[in-house]
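Asker: Dropping the structure in here first, questions after.
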Amino acid sequence: MNVKAFLIAAFATVTLTVSAATSQNDGVITVKVNKASKALVEKWIEAYKAVQPNVEIAVVSGKNADADLTLVSSHQEGAQVTYVARYALLPVTTAENPLLNDIQKKEWKSKDIKSLFFTAEDLDEEYEEEVEGKHNKLKDKLTVYSGSSKASLSGIFASHFGRTSDDLRGNRIAGDDFYLLSAINEDKASVTFNALSNLYDLSSRTLRSDLVLLPLGVKASQREALRSGNLDETLELIENEDIDLIPVEDIGFTYDSFDADIEQFLQWIVRDGQQYNHAAGFLHLTNKEVESQLKLLAQNN
Amino acid sequence: MLQKRLFLAAVLTVASTFAILAQTVQGTITDATSGESIIGATVKYGDGKGVMTDIDGHFTIDVKSLPVKLNISFTGYKPQTVTVYDDEEEINVKLTEKRSYLNDVVVVGYGTQSRTQLTGSVATIGADLLEDFPAPTIDAALGGAVTGVEVTAGGQPGAGSNIRIRGGNSVNASNNPLYVIDGFIYYNDASAQSTGIGDIESSLDPLSFINPSDIERIEVLKDISATAIYGSRGANGVIIVSTKKGQYNKTDIRYKGTLSVNTPSKKLKLLNAHDWAQMEKDYFGNRGGYTDADIALLGKGTDWQDEVLRTAVSQIHEVSVNGGTDKTRFLLSANFTNQQGIVLNSDFERYNLRANIDHKISQKFQVTLSSTIGKTTQNALSTTQPVNYQSSPFAAGITNSLTYALFMPPVVPVYNADGSYNYNNPYENAYFKLNGKAANPVSDLKNTTAESINNYALVNASLKYTIIEGLIAKAAVGANVNNITQNYFAPSYTALGLNEGGVGSIGHRQNQTVQTEWTLDYEKQLTDAHFINALIGYTTQSTRTNFNTSTTSHYTNEDLGYNNLSAGSHVYTPTSGQSKSTLNSIIARVNYTLLDRYNLTATFRADRSSRFSKNHRWGYFPSIGLSWNVDKESFLASAHWLSHLKLRTSFGTVGNQEIGDYEYATSYTASSYGGQTAYTMGNLGNENLKWETTTSFNVGTDVGVWNGRLNFVIDYYWKKTSDLLLYQPVNSSTGVTQQLQNVGNVVNQGIELGVDAQIINRRKLKLSAAANFTHNKNELTYMGQTKKLTSGQLWENVLQEGKEVGSLYGLIFDGVDPQTGKAILRDISGPNGVPDGTISTYDLTILGSQQPDFYYGISANLKWKNFDASISFKGSHGAEAANLLRRYLENPSGSYNALATVKNSWTPTNTHTDVPALTGYMATSYLDSRYVEDASYLKLQNLTAGYTFKFRHAIQSIRVFASGQNLLTFTRYKGYDPELTTGVDQGAYPKSRTFSFGAEIHF
């Protein structure tokens, strides 16, 4: 690429980015998403354009990009949010983990997960671990990986177990949570957690072959569904049964400005877009949530 | 040439290519708890490459490709590994502090130091303690909190406490510790808060300008290794107060409101009207002409004590905004305190603003400002002043407007039938009665003004520049200004105004102190084995004080009180004055640590003080401290139960320059005599006056076991103060009776033991307890030629070689003669050294000591989920106090009331008693051992319980709390309270029992 071509390309990129980022209510609805939910949002846009061909919706990215709608991965206190889907997090290790047998022998109950993933809740226990060397052997040999970026779901996972992301043991990664799976595949003797959309192959609808879920201490039928490695069975299980060991959280769109186009788009996602959630590895909103979100959208108008 | 150009172009191309291919990873390292940037954290990556974070905690590295693994570490924090997979977002790594003794950093003079490297004895008081103790000033909270610190708090709102660190070293120079507030050396004893108007009993607490909630932590420097850096001002120990700072990239708003109800913690049992009239009739000539029938109808009469004491209400409101950006942090706080006293018309009020700002101008420059301004106002009691002649009301025990109420006959009403004040008291002596009109204590308290106002500012600014890594130059300048006004007015119908026809005074005093500091500080871990920190500096402090007072009396119109002094027809000679002093100092200190085990601190300070004569202005104060972290030795490597074990010792010299300015010079005092100005000698100069020097030795150990769950601190200290600044009697032909000389030695030695335990340490349930114990033995080992000096109204205080400073002096009371009812006073000596059958000054002996044998504190804290509770006790054992108030109240005349104990006085039918027969006069004009009482006590000082409601909205949390202070006192002392700022109780302001309720809202 010569200098002239490079400059033209750079100029065009900057112009388009700025244009996309600054467009507010100029006929194009801009949507800012993270990597994990990008496929789902793009599917919604595609499907919505099919029914509303006149509406322009563009996905923007980049940390400085402004958008009409910004996807958030957790409940936001005090902000205007329309929740549009749910996701679940599962603890996982790599199939090549040398401690896999030990891991699979256990039924991982809440206290076991807390003990494995978090620093000791009880400072007496921490003392025993750090000073007296009374180590839990399996825990000591496994490295926990968690995300440190703002978009990481580490906080959601920690919060579900009554802790904060600062309490997570082990190593951190910087980057999308997807890379946590790369990290455990590299380290082998390690564990992490991730959203179903990353854990399962969305095409084959099965758990990625290089991963093994930690067997949770749940009812036998539930354990079977999880062990099947089938994404749809897993989604159905989590939607239909309340399993305390599996963190489930909403994703939603925050917005500063609100107009009829945005309202209709969000209404459509809440009402009709749910059918695409499973395909992308996300859970449907509950009926109650659908009802409440539609009501809130109506009130916003 | 072409080849060269081609080669250069190729090199540039390759370099550019690498530059383009390289990826830049940026991040910030912060403390997981505080959010503050961590400066100097190590970020290692690749094959041994590494960078350190800058002043913003920021780092930037270039890597060939991603992912890259970063190993991040910083002393005292758990290391963290972060694998970077993409560089889209700046990395924010939060490091979690290791919770252990090893990481504890303490504030020391002119810097900070890791506790493991410390060689001195330094105790720390955290903000938690101050927050749990809702008191308007910090003095009270210090009591019982740490070993070696004895606090005796006054009862008057806004009045100062007596704080002694490891005993008092001096007699005539100050024994108050030195305060260092955010680096500003602040020395102001209570006398510096007084303008010279003697009729106001109390003066403002020098520490009243600090709002306890603004304090982050307090360090108490006790031994020579820690205090030597303050040289001539370190002899009495140093209290370093660090106020709260802002926080980067976060904003917090807090409001705290406290409402308190104060009641007298104790009342004295006085005679009621019935009993008093009976006594008057039986012993004092029955001036009231009472018949038995009259007496039977009198009932309880007026309880004057109840009339002047009240249930008082106090309120404290505090607002703080704490925040910042990535370069600047600030804390702004404002507080309003209004504390009513339990004695009528006494109170304390404070408006205070604080601003602390830190700004990073660049990576190397940092500017800091710490400032507080405000106003305190105290309405105190008026005093009759100590006048040593027998006919004064003070000599009769009426020392202030409160004690006058105690002496009032209960048959005298407060009000007339029409509701006006009753000024008719037929029993009053001539003290407070003129032309048939007598003073009324309730009217006195309500109508007398005894007000002290201080408008103050304390500002300290510093600029730090990092010359090279580890080498920091700091320049600081600070100023403290106190503009004190005292207003006094006693109308012609009040006790102190009767004989004066009304008397009013206004006094002003301005204290200005300017301090500059220039320091160079170098700190470097030279190798794994060697750590060094060196400090040199130059500092100056200059103080200027101006004062003036004006007094008039015999008012024709009293409506405007002190606001119209010109209404007084008699003008007293006005007074005014100015004094200046300067202190120039060179400081140097080296801390060296070998192998994390062996620590050495060598300190030197040279002070030049203008308070001494030219030949003795320089003082040199060296010290050395050594410590050994024994737990890090290999032979203890397997002792996992041992968290830390340190042995410490220190030796050195510090001084005391806290005497008045110009004491070395001869001065003359002007006064009015027969309409002319007359000069009399005020001070007999002493060209040889020099520093009081305290040589000190300390040995101690810090032990922690079970991961710091149980910790002990044990110290033994020995301090010898030489060249004592002592007033010595001189021949009256010199024009004065005494002269300040360097005579005598005082030795203090003692043992301190502190223990704290984290009994339960779970995240949701924590229970901790602490206790401390201090034994101090004080002895005046040498007094020069004069072996004994007495002072006080009854000669009740004595300085005697071989005895403790603060010894009480008098006659020994051996009971009551059952035959005569007279007090039996022991004849122990005479002119020939043997009992001579008469009671005289030869029979005076030491009756006790104001110094306790030991004092202690016990506290416990509980946190369970959102509930918290704390309790603290403090105690003192073995001190005696001279209860002069009881002496007067047990020796009634026909004019004044008495304690109910006189009902047990000797009579022909009540011969076995320890209360002599009532005669209307004292058995002796000296103190006798009846009134030297055991002032040991144990107090339930504080009990607090709180509950925190947490929210996720604009309000983050609300903590509601209830608290009680001074709830219980176990003592045998018969006065109001055994905790006395002096060991002679002449009717000190009574302590209150306080119940507080409040809420703290965190936005």
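How things are named: the first chain in the structure tokens is A, the next is B, and so on; residues count from 1 in each chain; ligands count from 1 in the order shown.
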Using only C-alpha atoms, I'd like every residue of chain B that has an atom within 6 Å of chain A; please write them out as a list in words.
Answerer: Thr81, Val82, Thr83, Val84, Tyr85, Asp86, Asn761, Arg762 and Arg763 of chain B
Asker: Determine which residues of range 260-301 of chain A DSSP labels as alpha helix (DSSP H) from the backbone of this structure, then write them out as a list in words.
Answerer: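 Of range 260-301 of chain A, the ones in alpha helix (DSSP H) are Ala260, Asp261, Ile262, Glu263, Gln264, Phe265, Leu266, Gln267, Trp268, Ile269, Val270, Arg271, Asn287, Lys288, Glu289, Val290, Glu291, Ser292, Gln293, Leu294, Lys295, Leu296, Leu297, Ala298, Gln299 and Asn300 of chain A.
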Asker: So, counting only C-alpha atoms, which residue among A:Ile251, A:Ile262, A:Leu100, A:Ala189 is closest to Val33 in chain A?
Answerer: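 Among the listed residues, A:Ile251 lies closest to Val33 in chain A.
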Asker: I want to know what sits within 6 Å of Glu779 in chain B, based on only C-alpha atoms, with residues of the same chain fewer than 4 positions away left out; could you give that as a PyMOL selection string?
Answerer: chain B and resi 746-747+802-804
Asker: What lies within 6 Å of Ser870 in chain B using only C-alpha atoms, ignoring chain neighbours under 2 positions off, as a list of chain:residue names?
Answerer: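 Counting only C-alpha atoms, the residues come to B:Ala860, B:Asn861, B:Leu943, B:Thr944.
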Asker: Pull N, CA and C atoms from the residues just selected and write them as a compact mmCIF listing (two decimals), in the first residue's frame.
Answerer:
# COMPACT_ATOMS: atom_id res chain seq x y z
N ALA B 860 -12.98 -3.35 73.26
CA ALA B 860 -13.39 -4.47 72.41
C ALA B 860 -14.26 -3.94 71.29
N ASN B 861 -14.16 -4.57 70.15
CA ASN B 861 -14.94 -4.17 68.99
C ASN B 861 -15.60 -5.39 68.38
N LEU B 943 -19.42 3.32 75.02
CA LEU B 943 -20.16 2.15 74.54
C LEU B 943 -20.95 2.62 73.33
N THR B 944 -20.66 2.01 72.22
CA THR B 944 -21.30 2.46 70.97
C THR B 944 -21.86 1.26 70.23
Asker: Might you pull out every residue within 9 Å of Asp62 in chain B, with only C-alpha atoms counted and same-chain residues fewer than 5 positions away left off, and present them as a list in words?
Answerer: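 Contacts, with the query itself left out: Ala22, Gln23, Thr24, Val25 and Gln26 of chain B.
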Asker: Now that the selection is made, can you save its residues with N, CA and C atoms as a PDB file, in the first residue's frame?
Answerer:
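part.pdb, freshly written:
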ATOM      1  N   ALA B  22       5.219  -3.674  16.634  1.00  0.00           N
ATOM      2  CA  ALA B  22       5.149  -3.703  18.088  1.00  0.00           C
ATOM      3  C   ALA B  22       3.794  -3.199  18.567  1.00  0.00           C
ATOM      4  N   GLN B  23       3.304  -3.805  19.651  1.00  0.00           N
ATOM      5  CA  GLN B  23       2.029  -3.359  20.214  1.00  0.00           C
ATOM      6  C   GLN B  23       2.270  -2.723  21.571  1.00  0.00           C
ATOM      7  N   THR B  24       1.526  -1.686  21.779  1.00  0.00           N
ATOM      8  CA  THR B  24       1.709  -0.954  23.032  1.00  0.00           C
ATOM      9  C   THR B  24       0.634  -1.375  24.024  1.00  0.00           C
ATOM     10  N   VAL B  25       1.084  -1.809  25.172  1.00  0.00           N
ATOM     11  CA  VAL B  25       0.149  -2.189  26.242  1.00  0.00           C
ATOM     12  C   VAL B  25       0.271  -1.144  27.346  1.00  0.00           C
ATOM     13  N   GLN B  26      -0.856  -0.586  27.703  1.00  0.00           N
ATOM     14  CA  GLN B  26      -0.857   0.424  28.758  1.00  0.00           C
ATOM     15  C   GLN B  26      -1.758  -0.036  29.894  1.00  0.00           C
TER      16      GLN B  26
END
